[in-house]
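Source file: coords_17.txt (compact mmCIF, C-alpha atoms)
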```
# COMPACT_ATOMS: atom_id res chain seq x y z
CA MET A 298 28.11 10.24 15.04
CA ALA A 299 31.25 8.87 16.68
CA ASN A 300 29.36 7.14 19.46
CA PRO A 301 30.21 3.40 19.17
CA ASN A 302 27.02 2.44 21.01
CA LEU A 303 24.77 4.11 18.51
CA LYS A 304 24.54 1.21 16.10
CA SER A 305 23.59 -1.32 18.75
CA ASP A 306 21.18 1.25 20.22
CA LEU A 307 19.53 1.47 16.84
CA SER A 308 19.17 -2.28 16.38
CA ILE A 309 17.70 -2.63 19.87
CA ARG A 310 15.25 0.13 19.06
CA LYS A 311 14.35 -1.64 15.84
CA SER A 312 13.43 -4.84 17.67
CA LEU A 313 11.56 -2.85 20.33
CA THR A 314 9.51 -1.29 17.55
CA THR A 315 8.71 -4.77 16.22
CA THR A 316 7.77 -6.01 19.70
CA ALA A 317 5.57 -2.96 20.31
CA TYR A 318 3.96 -3.42 16.88
CA GLU A 319 3.27 -7.12 17.38
CA GLN A 320 1.76 -6.63 20.83
CA LEU A 321 -0.42 -3.73 19.78
CA GLU A 322 -1.53 -5.44 16.57
CA GLU A 323 -2.58 -8.53 18.54
CA LEU A 324 -4.47 -6.39 21.09
CA ILE A 325 -6.32 -4.54 18.33
CA VAL A 326 -7.06 -7.55 16.10
CA THR A 327 -8.47 -9.52 19.05
CA THR A 328 -10.37 -6.35 20.16
CA GLU A 329 -8.77 -6.29 23.61
CA LEU A 330 -8.31 -2.70 22.50
CA GLU A 331 -11.85 -2.10 21.31
CA PRO A 332 -12.86 -0.48 18.02
CA GLY A 333 -13.50 3.21 18.63
CA ALA A 334 -11.41 3.31 21.82
CA ILE A 335 -9.26 6.39 22.37
CA LEU A 336 -5.73 5.66 23.57
CA SER A 337 -2.93 7.90 24.72
CA GLU A 338 0.68 7.40 23.80
CA ALA A 339 1.68 7.82 27.46
CA THR A 340 -0.71 5.05 28.59
CA LEU A 341 0.60 2.66 25.94
CA VAL A 342 4.20 3.41 26.96
CA GLU A 343 3.25 2.51 30.52
CA GLN A 344 1.12 -0.57 29.70
CA LEU A 345 3.64 -2.17 27.34
CA GLY A 346 6.72 -1.06 29.24
CA ILE A 347 8.32 0.07 25.99
CA GLY A 348 9.71 3.55 25.34
CA ARG A 349 8.11 6.41 23.50
CA THR A 350 10.04 6.27 20.20
CA PRO A 351 9.43 2.55 19.45
CA ILE A 352 5.76 2.97 20.44
CA ARG A 353 5.44 5.94 18.12
CA GLU A 354 7.02 4.04 15.22
CA ALA A 355 4.75 1.05 15.86
CA LEU A 356 1.72 3.37 15.88
CA GLN A 357 2.73 4.83 12.53
CA LYS A 358 2.81 1.34 11.04
CA LEU A 359 -0.59 0.52 12.52
CA GLU A 360 -1.97 3.74 11.07
CA ARG A 361 -0.75 2.73 7.60
CA GLU A 362 -2.60 -0.55 8.08
CA GLY A 363 -5.84 1.27 8.90
CA LEU A 364 -6.09 -0.13 12.43
CA ILE A 365 -5.67 3.20 14.23
CA ARG A 366 -5.94 6.87 13.48
CA ILE A 367 -3.52 9.33 15.05
CA MET A 368 -5.42 12.51 15.88
CA PRO A 369 -3.13 15.42 16.70
CA ARG A 370 -5.32 16.98 19.36
CA LYS A 371 -7.19 14.01 20.79
CA GLY A 372 -4.90 11.02 20.98
CA ILE A 373 -5.05 7.73 19.14
CA GLU A 374 -8.30 6.20 17.97
CA VAL A 375 -8.71 2.50 17.26
CA THR A 376 -10.63 2.55 13.97
CA ASP A 377 -14.20 1.32 14.11
CA LEU A 378 -15.53 -1.89 12.58
CA ASN A 379 -17.50 -0.41 9.78
CA PRO A 380 -18.89 -2.93 7.23
CA ALA A 381 -18.96 -0.24 4.50
CA LYS A 382 -15.24 0.44 4.99
CA GLN A 383 -14.63 -3.28 5.16
CA LEU A 384 -16.24 -3.66 1.72
CA LEU A 385 -13.84 -1.02 0.33
CA MET A 386 -10.96 -3.02 1.79
CA LEU A 387 -12.36 -6.14 0.07
CA GLU A 388 -12.57 -4.25 -3.21
CA LEU A 389 -8.79 -3.75 -3.05
CA ARG A 390 -8.21 -7.22 -1.65
CA ARG A 391 -10.03 -8.88 -4.55
CA ASP A 392 -7.75 -7.28 -7.14
CA LEU A 393 -4.59 -7.83 -5.11
CA GLU A 394 -5.45 -11.47 -4.42
CA LYS A 395 -6.11 -12.00 -8.13
CA LEU A 396 -2.72 -10.53 -8.97
CA LEU A 397 -1.07 -12.76 -6.36
CA ALA A 398 -2.98 -15.87 -7.47
CA ARG A 399 -2.18 -15.33 -11.17
CA SER A 400 1.48 -14.62 -10.41
CA SER A 401 1.74 -17.59 -8.05
CA ALA A 402 0.15 -19.91 -10.61
CA LEU A 403 2.79 -18.82 -13.12
CA ARG A 404 5.86 -18.39 -10.92
CA ALA A 405 5.58 -20.80 -7.96
CA THR A 406 8.52 -23.18 -7.58
CA GLU A 407 7.96 -26.95 -7.32
CA GLU A 408 8.34 -26.74 -3.52
CA GLU A 409 5.79 -23.94 -3.35
CA ARG A 410 3.33 -25.93 -5.49
CA SER A 411 3.67 -28.89 -3.12
CA ALA A 412 3.02 -26.55 -0.19
CA PHE A 413 -0.18 -25.32 -1.90
CA ILE A 414 -1.35 -28.95 -2.23
CA VAL A 415 -0.62 -29.62 1.46
CA ILE A 416 -2.62 -26.57 2.54
CA ALA A 417 -5.46 -27.47 0.13
CA ASP A 418 -5.73 -30.92 1.73
CA ALA A 419 -5.66 -29.43 5.22
CA MET A 420 -8.34 -26.87 4.33
CA ALA A 421 -10.54 -29.64 2.85
CA GLU A 422 -10.26 -31.54 6.12
CA THR A 423 -11.19 -28.40 8.09
CA ALA A 424 -14.25 -28.02 5.88
CA ALA A 425 -15.37 -31.43 7.16
CA THR A 426 -14.43 -30.95 10.84
CA ARG A 427 -15.55 -27.27 11.11
CA ASN A 428 -12.54 -26.49 13.28
CA ASP A 429 -12.37 -22.69 13.38
CA ILE A 430 -8.97 -22.50 15.12
CA ALA A 431 -7.45 -24.81 12.49
CA PHE A 432 -9.03 -22.65 9.80
CA MET A 433 -7.45 -19.46 11.12
CA ARG A 434 -3.99 -21.07 11.24
CA GLN A 435 -4.31 -22.49 7.73
CA ASP A 436 -5.62 -19.17 6.44
CA TYR A 437 -2.53 -17.46 7.86
CA THR A 438 -0.24 -20.07 6.26
CA LEU A 439 -1.97 -19.76 2.88
CA ASN A 440 -1.64 -15.95 2.99
CA GLN A 441 2.09 -16.25 3.70
CA LEU A 442 2.55 -18.83 0.97
CA MET A 443 0.70 -16.77 -1.63
CA ALA A 444 2.70 -13.65 -0.75
CA GLN A 445 5.91 -15.65 -1.23
CA ALA A 446 4.99 -17.67 -4.33
CA ALA A 447 3.89 -14.62 -6.34
CA HIS A 448 7.52 -13.48 -6.34
CA ASN A 449 6.54 -9.83 -6.29
CA GLU A 450 7.71 -8.17 -3.05
CA TYR A 451 5.74 -4.99 -3.81
CA ALA A 452 2.44 -6.86 -4.16
CA SER A 453 3.18 -8.83 -0.96
CA ARG A 454 3.81 -5.61 0.92
CA ALA A 455 0.62 -4.05 -0.46
CA ILE A 456 -1.55 -6.92 0.74
CA GLY A 457 0.29 -6.90 4.09
CA LEU A 458 -1.22 -3.44 4.59
CA ILE A 459 -4.77 -4.88 4.80
CA HIS A 460 -4.29 -8.25 6.51
CA GLY A 461 -4.77 -6.75 9.99
CA LEU A 462 -8.15 -5.24 9.09
CA ALA A 463 -9.27 -8.50 7.49
CA ARG A 464 -8.25 -10.59 10.52
CA ARG A 465 -9.93 -8.26 13.02
CA PHE A 466 -13.23 -8.29 11.15
CA TRP A 467 -13.14 -12.08 10.92
CA PHE A 468 -12.25 -12.43 14.61
CA VAL A 469 -15.24 -10.34 15.71
CA HIS A 470 -17.84 -11.81 13.37
CA PHE A 471 -16.94 -15.38 12.41
CA GLU A 472 -18.98 -17.06 15.18
CA THR A 473 -22.21 -15.37 14.23
CA ALA A 474 -21.85 -14.81 10.48
CA ALA A 475 -19.29 -17.16 8.93
CA ASN A 476 -19.85 -20.47 7.20
CA ILE A 477 -16.57 -22.16 8.13
CA PRO A 478 -17.05 -25.32 5.99
CA LEU A 479 -17.85 -23.27 2.87
CA CYS A 480 -15.09 -20.77 3.51
CA SER A 481 -12.54 -23.58 4.06
CA SER A 482 -13.51 -25.38 0.89
CA LEU A 483 -13.28 -22.14 -1.13
CA HIS A 484 -9.75 -21.63 0.23
CA ALA A 485 -8.90 -25.27 -0.54
CA ASN A 486 -10.13 -24.76 -4.10
CA LEU A 487 -8.01 -21.62 -4.52
CA ALA A 488 -4.86 -23.35 -3.21
CA ARG A 489 -5.41 -26.29 -5.57
CA GLU A 490 -5.97 -24.07 -8.63
CA VAL A 491 -2.78 -22.12 -7.89
CA ALA A 492 -0.84 -25.39 -7.60
CA GLN A 493 -2.28 -26.48 -10.98
CA GLY A 494 -0.66 -23.45 -12.58
CA ASP A 495 -3.50 -21.96 -14.68
CA PRO A 496 -3.64 -18.21 -13.88
CA GLU A 497 -7.21 -17.73 -15.12
CA THR A 498 -8.83 -20.52 -13.12
CA ALA A 499 -6.80 -19.35 -10.10
CA ALA A 500 -8.20 -15.83 -10.57
CA THR A 501 -11.73 -17.25 -10.85
CA ALA A 502 -11.20 -19.12 -7.56
CA VAL A 503 -10.28 -15.77 -5.97
CA ASP A 504 -13.46 -14.17 -7.32
CA THR A 505 -15.61 -16.95 -5.85
CA LEU A 506 -13.89 -16.61 -2.47
CA MET A 507 -14.18 -12.80 -2.49
CA ASP A 508 -17.87 -13.03 -3.43
CA TYR A 509 -18.33 -15.17 -0.33
CA LEU A 510 -16.35 -12.76 1.88
CA GLU A 511 -18.48 -9.85 0.66
CA GLU A 512 -21.59 -11.83 1.48
CA PHE A 513 -20.15 -12.60 4.94
CA THR A 514 -19.41 -8.90 5.46
CA ARG A 515 -22.97 -7.92 4.50
CA ALA A 516 -24.36 -10.69 6.73
CA THR A 517 -22.73 -9.03 9.76
CA LEU A 518 -25.18 -6.17 9.30
CA ARG A 519 -27.97 -8.63 10.09
CA ALA A 520 -26.30 -10.84 12.72
CA PRO A 521 -25.84 -9.65 16.33
CA ASP A 522 -22.30 -8.78 17.45
CA ARG A 523 -20.35 -11.43 19.28
CA LEU A 524 -19.26 -8.73 21.69
CA THR A 525 -21.79 -6.85 23.73
CA MET B 261 -2.94 17.22 26.94
CA ASP B 262 -1.73 20.80 27.29
CA ALA B 263 -2.26 23.30 24.53
CA THR B 264 1.39 23.95 23.68
CA VAL B 265 2.18 20.26 23.24
CA THR B 266 -0.94 19.87 21.13
CA SER B 267 -0.23 22.68 18.69
CA LEU B 268 3.43 21.64 18.51
CA SER B 269 2.48 18.10 17.49
CA GLN B 270 0.01 19.43 14.93
CA ALA B 271 2.61 21.72 13.42
CA ARG B 272 5.08 18.85 13.32
CA CYS B 273 2.62 16.63 11.50
CA SER B 274 2.21 19.05 8.61
CA LEU B 275 5.94 19.88 8.60
CA THR B 276 6.65 16.17 8.13
CA THR B 277 4.35 16.12 5.11
CA LEU B 278 6.00 19.26 3.73
CA ALA B 279 9.48 17.83 4.29
CA TYR B 280 8.40 14.61 2.60
CA GLU B 281 7.00 16.43 -0.42
CA LYS B 282 10.08 18.61 -0.85
CA LEU B 283 12.54 15.73 -0.52
CA GLU B 284 10.47 13.47 -2.76
CA GLU B 285 10.39 16.14 -5.47
CA LEU B 286 14.19 16.62 -5.23
CA ILE B 287 14.81 12.86 -5.48
CA VAL B 288 12.27 12.13 -8.23
CA THR B 289 13.62 14.97 -10.40
CA LEU B 290 17.21 13.80 -9.76
CA LYS B 291 18.36 17.00 -8.05
CA LEU B 292 19.43 14.62 -5.30
CA LYS B 293 21.36 12.20 -7.48
CA PRO B 294 20.93 8.40 -7.26
CA GLY B 295 23.84 6.96 -5.30
CA SER B 296 24.75 10.25 -3.61
CA SER B 297 25.27 10.52 0.17
CA HIS B 298 24.03 13.27 2.44
CA SER B 299 24.01 14.08 6.11
CA GLU B 300 20.72 14.67 7.87
CA ASN B 301 22.00 18.15 8.62
CA ASN B 302 22.58 18.92 4.94
CA LEU B 303 19.09 17.86 4.01
CA GLN B 304 17.59 19.94 6.83
CA GLN B 305 19.39 23.02 5.54
CA LEU B 306 18.59 22.24 1.92
CA ILE B 307 14.84 22.36 2.52
CA GLY B 308 14.86 24.62 5.57
CA ILE B 309 12.97 22.23 7.86
CA GLY B 310 14.11 20.92 11.27
CA ARG B 311 15.38 17.62 12.55
CA THR B 312 12.31 15.66 13.66
CA PRO B 313 10.09 16.30 10.61
CA VAL B 314 13.02 15.61 8.27
CA ARG B 315 13.77 12.39 10.11
CA GLU B 316 10.14 11.23 9.89
CA ALA B 317 10.02 12.15 6.20
CA LEU B 318 13.21 10.15 5.62
CA GLN B 319 11.65 7.11 7.30
CA ARG B 320 8.77 7.27 4.86
CA LEU B 321 11.12 7.73 1.89
CA SER B 322 13.12 4.76 3.14
CA ARG B 323 9.97 2.59 3.18
CA GLU B 324 9.28 3.68 -0.38
CA GLY B 325 12.81 2.68 -1.37
CA LEU B 326 14.07 6.13 -2.36
CA VAL B 327 16.64 6.53 0.43
CA GLU B 328 18.66 4.23 2.58
CA ILE B 329 19.31 5.35 6.14
CA LEU B 330 22.77 4.26 7.26
CA PRO B 331 23.20 4.53 11.03
CA ARG B 332 26.28 6.69 11.82
CA LYS B 333 26.99 7.33 8.15
CA GLY B 334 24.11 9.37 6.81
CA ILE B 335 21.55 9.09 4.07
CA ASN B 336 22.08 7.44 0.69
CA ILE B 337 19.83 8.22 -2.23
CA THR B 338 19.16 4.75 -3.69
CA GLN B 339 20.08 3.77 -7.23
CA VAL B 340 17.08 3.74 -9.54
CA GLY B 341 15.30 0.42 -9.03
CA TYR B 342 15.17 -0.79 -12.62
CA GLU B 343 15.50 -4.44 -11.58
CA GLY B 344 12.21 -4.12 -9.68
CA GLY B 345 10.67 -2.07 -12.49
CA PHE B 346 8.48 -4.77 -14.05
CA LEU B 347 7.18 -5.98 -10.67
CA ARG B 348 6.37 -2.40 -9.68
CA VAL B 349 4.53 -1.85 -12.95
CA GLU B 350 2.67 -5.15 -12.45
CA LEU B 351 1.32 -3.92 -9.11
CA ALA B 352 0.76 -0.34 -10.35
CA ARG B 353 -1.34 -1.73 -13.22
CA THR B 354 -3.63 -3.52 -10.76
CA LEU B 355 -3.94 -0.52 -8.44
CA LEU B 356 -4.35 2.18 -11.11
CA ALA B 357 -6.91 0.09 -13.04
CA LEU B 358 -8.95 -0.21 -9.85
CA MET B 359 -8.56 3.51 -9.07
CA ALA B 360 -9.57 4.52 -12.60
CA ARG B 361 -12.59 2.18 -12.74
CA THR B 362 -13.95 3.27 -9.37
CA SER B 363 -13.13 7.00 -9.83
CA ALA B 364 -15.12 7.04 -13.04
CA VAL B 365 -18.15 5.90 -11.05
CA ARG B 366 -17.60 7.70 -7.74
CA ALA B 367 -16.12 11.10 -8.64
CA THR B 368 -18.14 14.03 -7.27
CA PRO B 369 -19.16 16.84 -9.67
CA GLU B 370 -16.26 18.96 -8.30
CA GLN B 371 -13.83 16.11 -8.90
CA LYS B 372 -15.15 15.65 -12.45
CA GLN B 373 -14.55 19.34 -13.06
CA ALA B 374 -11.00 18.92 -11.72
CA PHE B 375 -10.45 16.05 -14.19
CA ALA B 376 -11.72 18.27 -17.02
CA ASP B 377 -9.30 21.01 -15.93
CA ILE B 378 -6.30 18.71 -15.70
CA ALA B 379 -7.15 17.31 -19.15
CA THR B 380 -6.82 20.88 -20.48
CA SER B 381 -3.49 21.32 -18.67
CA PHE B 382 -2.08 18.07 -20.11
CA ASP B 383 -3.38 19.04 -23.53
CA LYS B 384 -1.19 22.16 -23.41
CA ILE B 385 1.80 19.91 -22.70
CA VAL B 386 0.90 17.80 -25.73
CA GLN B 387 1.19 21.03 -27.77
CA THR B 388 4.29 22.34 -25.97
CA PRO B 389 6.12 19.55 -24.14
CA GLU B 390 7.71 20.69 -20.86
CA LEU B 391 9.08 18.12 -18.42
CA GLY B 392 8.90 20.15 -15.20
CA LEU B 393 5.26 21.04 -15.73
CA PHE B 394 4.42 17.51 -16.78
CA MET B 395 5.81 16.13 -13.49
CA GLN B 396 3.78 18.67 -11.48
CA PHE B 397 0.52 17.91 -13.26
CA ASP B 398 1.25 14.19 -12.98
CA LYS B 399 1.40 14.53 -9.19
CA VAL B 400 -1.85 16.53 -9.15
CA MET B 401 -3.51 13.86 -11.30
CA LEU B 402 -2.43 11.06 -8.97
CA ASN B 403 -3.76 12.95 -5.94
CA LEU B 404 -7.04 13.54 -7.76
CA LEU B 405 -7.39 9.83 -8.54
CA CYS B 406 -6.76 9.06 -4.86
CA GLU B 407 -9.59 11.36 -3.79
CA ALA B 408 -12.03 10.38 -6.49
CA CYS B 409 -11.77 6.61 -5.99
CA HIS B 410 -12.94 7.14 -2.39
CA ASN B 411 -10.90 4.18 -1.17
CA GLU B 412 -8.14 5.06 1.30
CA HIS B 413 -6.81 1.48 1.25
CA VAL B 414 -5.97 1.68 -2.45
CA CYS B 415 -4.30 5.08 -2.01
CA ARG B 416 -2.12 3.82 0.81
CA ALA B 417 -0.99 0.86 -1.31
CA MET B 418 -0.33 3.14 -4.29
CA SER B 419 1.69 5.64 -2.26
CA MET B 420 4.19 2.88 -1.47
CA LEU B 421 5.33 2.63 -5.08
CA ALA B 422 4.33 5.84 -6.84
CA SER B 423 7.51 7.82 -6.18
CA GLU B 424 9.96 5.30 -7.59
CA LEU B 425 7.81 4.93 -10.71
CA ARG B 426 7.81 8.71 -11.07
CA ARG B 427 11.61 8.76 -10.81
CA ILE B 428 11.90 6.04 -13.48
CA GLY B 429 9.47 8.04 -15.65
CA TYR B 430 11.45 11.27 -15.17
CA LEU B 431 14.69 9.57 -16.19
CA HIS B 432 13.04 8.15 -19.28
CA LEU B 433 11.49 11.48 -20.29
CA GLN B 434 14.81 13.29 -19.85
CA LYS B 435 16.38 11.07 -22.50
CA HIS B 436 13.49 10.59 -24.94
CA ASP B 437 11.18 13.03 -26.66
CA ASP B 438 7.88 11.32 -25.88
CA ILE B 439 6.51 13.69 -23.24
CA ALA B 440 3.65 14.36 -25.65
CA VAL B 441 2.78 10.62 -25.70
CA TYR B 442 2.71 10.50 -21.89
CA ALA B 443 0.66 13.70 -21.74
CA ARG B 444 -1.84 12.51 -24.38
CA ILE B 445 -2.52 9.31 -22.41
CA ARG B 446 -3.32 11.47 -19.38
CA VAL B 447 -5.60 13.75 -21.40
CA GLU B 448 -7.60 10.70 -22.48
CA LEU B 449 -7.69 9.25 -18.96
CA ALA B 450 -8.84 12.55 -17.43
CA ARG B 451 -11.55 12.93 -20.10
CA ALA B 452 -12.81 9.37 -19.54
CA LEU B 453 -13.03 10.12 -15.81
CA ASP B 454 -14.77 13.43 -16.45
CA ARG B 455 -17.48 11.74 -18.49
CA GLY B 456 -17.68 8.80 -16.05
CA ASP B 457 -16.70 5.92 -18.34
CA PRO B 458 -15.10 3.14 -16.24
CA GLU B 459 -14.29 0.77 -19.14
CA ALA B 460 -12.56 3.47 -21.17
CA ALA B 461 -10.62 4.68 -18.11
CA GLU B 462 -9.41 1.17 -17.34
CA THR B 463 -8.44 0.51 -20.95
CA ILE B 464 -6.30 3.66 -20.99
CA ILE B 465 -4.51 2.53 -17.82
CA HIS B 466 -3.62 -0.75 -19.54
CA GLN B 467 -2.33 1.15 -22.60
CA ARG B 468 -0.26 3.36 -20.30
CA MET B 469 1.22 0.37 -18.45
CA ASP B 470 1.90 -1.50 -21.72
CA TYR B 471 3.77 1.57 -22.96
CA ILE B 472 5.86 1.82 -19.76
CA GLU B 473 6.65 -1.90 -19.97
CA SER B 474 7.83 -1.45 -23.55
CA THR B 475 10.18 1.38 -22.51
CA LEU B 476 11.52 -0.82 -19.67
CA LYS B 477 12.08 -3.67 -22.15
CA GLY B 478 13.83 -1.31 -24.57
CA ARG B 479 16.09 -0.26 -21.78
CA THR B 480 16.93 -3.85 -20.84
CA GLN B 481 17.78 -4.68 -24.46
CA ILE B 482 20.09 -1.68 -24.73
CA SER B 483 21.90 -2.48 -21.50
CA THR B 484 22.53 -6.13 -22.47
CA LYS B 485 24.02 -5.23 -25.85
```

Spit out the file's structure as structure tokens when you get a sec.
Amino acid sequence: MANPNLKSDLSIRKSLTTTAYEQLEELIVTTELEPGAILSEATLVEQLGIGRTPIREALQKLEREGLIRIMPRKGIEVTDLNPAKQLLMLELRRDLEKLLARSSALRATEEERSAFIVIADAMAETAATRNDIAFMRQDYTLNQLMAQAAHNEYASRAIGLIHGLARRFWFVHFETAANIPLCSSLHANLAREVAQGDPETAATAVDTLMDYLEEFTRATLRAPDRLT
Amino acid sequence: MDATVTSLSQARCSLTTLAYEKLEELIVTLKLKPGSSHSENNLQQLIGIGRTPVREALQRLSREGLVEILPRKGINITQVGYEGGFLRVELARTLLALMARTSAVRATPEQKQAFADIATSFDKIVQTPELGLFMQFDKVMLNLLCEACHNEHVCRAMSMLASELRRIGYLHLQKHDDIAVYARIRVELARALDRGDPEAAETIIHQRMDYIESTLKGRTQISTK
């Protein structure tokens, strides 16, 4: 308790946990660590060059996000890419996104509304150019903006729990199953409706987008995997 | 992995859950008072569980906003989060409505029977209000909903805010005599789930959330007088 170094030790550990989390999340979302793979804590400690406690804390966060499963006797399993489970995630995502869109439409500040317009214009351009990298960046920005403009920290945290799963599924399947122009224009439409400030049309825009994402998820059952 | 390490880590996992449940119960029912400070040692002795599981349980409680971990100083039980109350209820409404709607459709026959049983338990509380029992059944009901909706993602999101809402509910019920109202809402919800009626189940959730919002508003009006 009296150790003067303890506080700085703790803040270093905190940032190590964040670093470990960010690196592992990236490796899982981009499937460098493949779905279904079994990992050991010791191997991760060695590979990332980060100590056991931060790694363990990062793994607990990833487990809450559904990206891994910690199995007491067998190690750590990267969760599989199961379309049925993905549809359950979308079921939650639809209702959370509607809550965020309604709240954002009602509560966004003037600056936030302008930012929604900017992202809507950018998404509309992406729909024309079919630039998938640009789409992923804009999608990330729109997610952040929506989580902020809803002014409900609890709802933002709840949707943060499923973003990793959503991004991983997209990363694996977008080349074979996604319609980037359609998806971009649906996002553009949502951003514009939120900026307009009518909660019901904003919620309808979410429904249309989620209908598409469900269709995309089902289409992956028919399309071949990008990875072999 | 060697066998001793394995069984140790398994035992720790369930001890963490046990420590979490015991501490959560003590905080939600105000036996650990809002604003009070404790040492990790104290809490270990209080519930009779060791350092590592207690520490992991405290991390989870800290994420849920029930404790604040102060390096070098100990553990603070947070003040009740009334200022976030409406935003919590806003999210809880969305999550519970989804859980109720999907549980009504997906509950297994065993789960339906469990809903019928809990309806009977809550009905007894309507007749003879008892706060301690109500809180216990309320927890059972929430766990049942989590299983019956068959959607782990929703449960994980709900677990982030359920405890603080339970603490706010406990505080309210301590001061008002509407336990029977709370219990009756749960009887109706459990019965709707037992007979598999998604619309009715969702409607009851909205009534329940409207009622909680009205108690929060009442509280705000009193405190600004």

- [ ] May I ask for the distance between atom CA of Ser481 of chain A and atom CA of Ala424 of chain A, given in Å to one decimal place?
- [x] 5.1 Å

Open item on the list: Given only C-alpha atoms as the basis, pick out the residue of B:Gly392, B:Pro331, B:Gly295, B:Gly478 nearest to chain A.
Closed with: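 That would be B:Pro331, the residue with the smallest distance to chain A.
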
TODO: Could you list, as a list in words, the residues of chain A having an atom within 6 Å of chain B when counting all atoms listed in the file?
DONE: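 Close to chain B, chain A has Met298, Pro369, Arg370, Asn449, Ala452 and Ala455 of chain A.
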
Task: Point-to-point distance from atom CA of Glu462 of chain B to atom CA of Val365 of chain B, Å rounded to tenths - done: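 About the pair atom CA of Glu462 of chain B and atom CA of Val365 of chain B: they are 11.8 Å apart.
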
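If you measure from each of A:Gly494, A:Pro380, A:Gly461, A:Pro351 to Leu364 of chain A using all atoms listed in the file, the closest one turns out to be A:Gly461.
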
Against segment 431-438 of chain B, which residues of segment 276-326 of chain B fall within 9 Å? For each one I want the closest pair of atoms and the distance in Å (one decimal), counting all atoms listed in the file, rows by chain and increasing residue number, as a tab-separated table.
```
residue	atom	partner	partner_atom	distance
B:Val288	CA	B:Leu431	CA	8.7
B:Thr289	CA	B:Leu431	CA	8.0
B:Leu290	CA	B:Leu431	CA	8.1
```

Could you dump the residues just selected with C-alpha atoms as an mmCIF file, in the coordinates of the input?
```cif
data_model
loop_
_atom_site.group_PDB
_atom_site.id
_atom_site.type_symbol
_atom_site.label_atom_id
_atom_site.label_comp_id
_atom_site.auth_asym_id
_atom_site.auth_seq_id
_atom_site.Cartn_x
_atom_site.Cartn_y
_atom_site.Cartn_z
ATOM 1 C CA VAL B 288 12.270 12.130 -8.230
ATOM 2 C CA THR B 289 13.620 14.970 -10.400
ATOM 3 C CA LEU B 290 17.210 13.800 -9.760
#
```

Open item on the list: I'd like to know which of A:His448, A:Arg361, A:Arg454, A:Arg390 is closest to Glu409 of chain A, using only C-alpha atoms.
Closed with: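 For Glu409 of chain A, the nearest of the candidates is A:His448.
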
Task: Nearest to Glu388 of chain A by atom-to-atom distance, counting only C-alpha atoms, from A:Ala425, A:Asp436, A:Arg519, A:Glu511 - done: A:Glu511

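You can rank A:Ala500, A:Tyr451, A:Glu512, A:Leu487 by their closest distance to Ala422 of chain B using all atoms listed in the file, and at the top of that list sits A:Tyr451.
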
TODO: Tell me, in Å to one decimal, how far atom CA of Ala334 of chain A is from atom CA of Glu362 of chain A.
DONE: 16.8 Å

Open item on the list: Residues within 9 Å of Ile416 of chain A, please, as a PyMOL selection string. Count only C-alpha atoms; anything in the same chain fewer than 2 positions from it doesn't count.
Closed with: chain A and resi 411-414+418-421+435-436+438-439+484-485+488-489

Open item on the list: When you look at segment 366-371 of chain B with a cut-off of 9 Å (counting only C-alpha atoms), what residues show up, excluding the ones that are within fewer than 2 positions of it in the same chain? I need them as a PyMOL selection string.
Closed with: chain B and resi 361-364+373-376+404-405+407-410+453-454+456

Any chance you could build segment 332-341 of chain B out to N, CA and C atoms and write it as an mmCIF file, keeping the file's coordinate frame?
```
data_model
loop_
_atom_site.group_PDB
_atom_site.id
_atom_site.type_symbol
_atom_site.label_atom_id
_atom_site.label_comp_id
_atom_site.auth_asym_id
_atom_site.auth_seq_id
_atom_site.Cartn_x
_atom_site.Cartn_y
_atom_site.Cartn_z
ATOM 1 N N ARG B 332 24.936 6.102 11.650
ATOM 2 C CA ARG B 332 26.280 6.690 11.820
ATOM 3 C C ARG B 332 26.876 7.238 10.537
ATOM 4 N N LYS B 333 26.335 6.877 9.374
ATOM 5 C CA LYS B 333 26.990 7.330 8.150
ATOM 6 C C LYS B 333 26.202 8.388 7.393
ATOM 7 N N GLY B 334 24.903 8.378 7.525
ATOM 8 C CA GLY B 334 24.110 9.370 6.810
ATOM 9 C C GLY B 334 23.041 8.753 5.946
ATOM 10 N N ILE B 335 22.676 9.488 4.911
ATOM 11 C CA ILE B 335 21.550 9.090 4.070
ATOM 12 C C ILE B 335 22.052 8.861 2.648
ATOM 13 N N ASN B 336 21.757 7.699 2.094
ATOM 14 C CA ASN B 336 22.080 7.440 0.690
ATOM 15 C C ASN B 336 20.813 7.557 -0.151
ATOM 16 N N ILE B 337 20.930 8.263 -1.272
ATOM 17 C CA ILE B 337 19.830 8.220 -2.230
ATOM 18 C C ILE B 337 20.032 6.906 -3.008
ATOM 19 N N THR B 338 18.986 6.076 -3.071
ATOM 20 C CA THR B 338 19.160 4.750 -3.690
ATOM 21 C C THR B 338 19.381 4.886 -5.197
ATOM 22 N N GLN B 339 20.004 3.863 -5.766
ATOM 23 C CA GLN B 339 20.080 3.770 -7.230
ATOM 24 C C GLN B 339 18.660 3.526 -7.743
ATOM 25 N N VAL B 340 18.419 3.929 -8.964
ATOM 26 C CA VAL B 340 17.080 3.740 -9.540
ATOM 27 C C VAL B 340 16.784 2.249 -9.642
ATOM 28 N N GLY B 341 15.597 1.854 -9.156
ATOM 29 C CA GLY B 341 15.300 0.420 -9.030
ATOM 30 C C GLY B 341 14.794 -0.218 -10.305
#
```
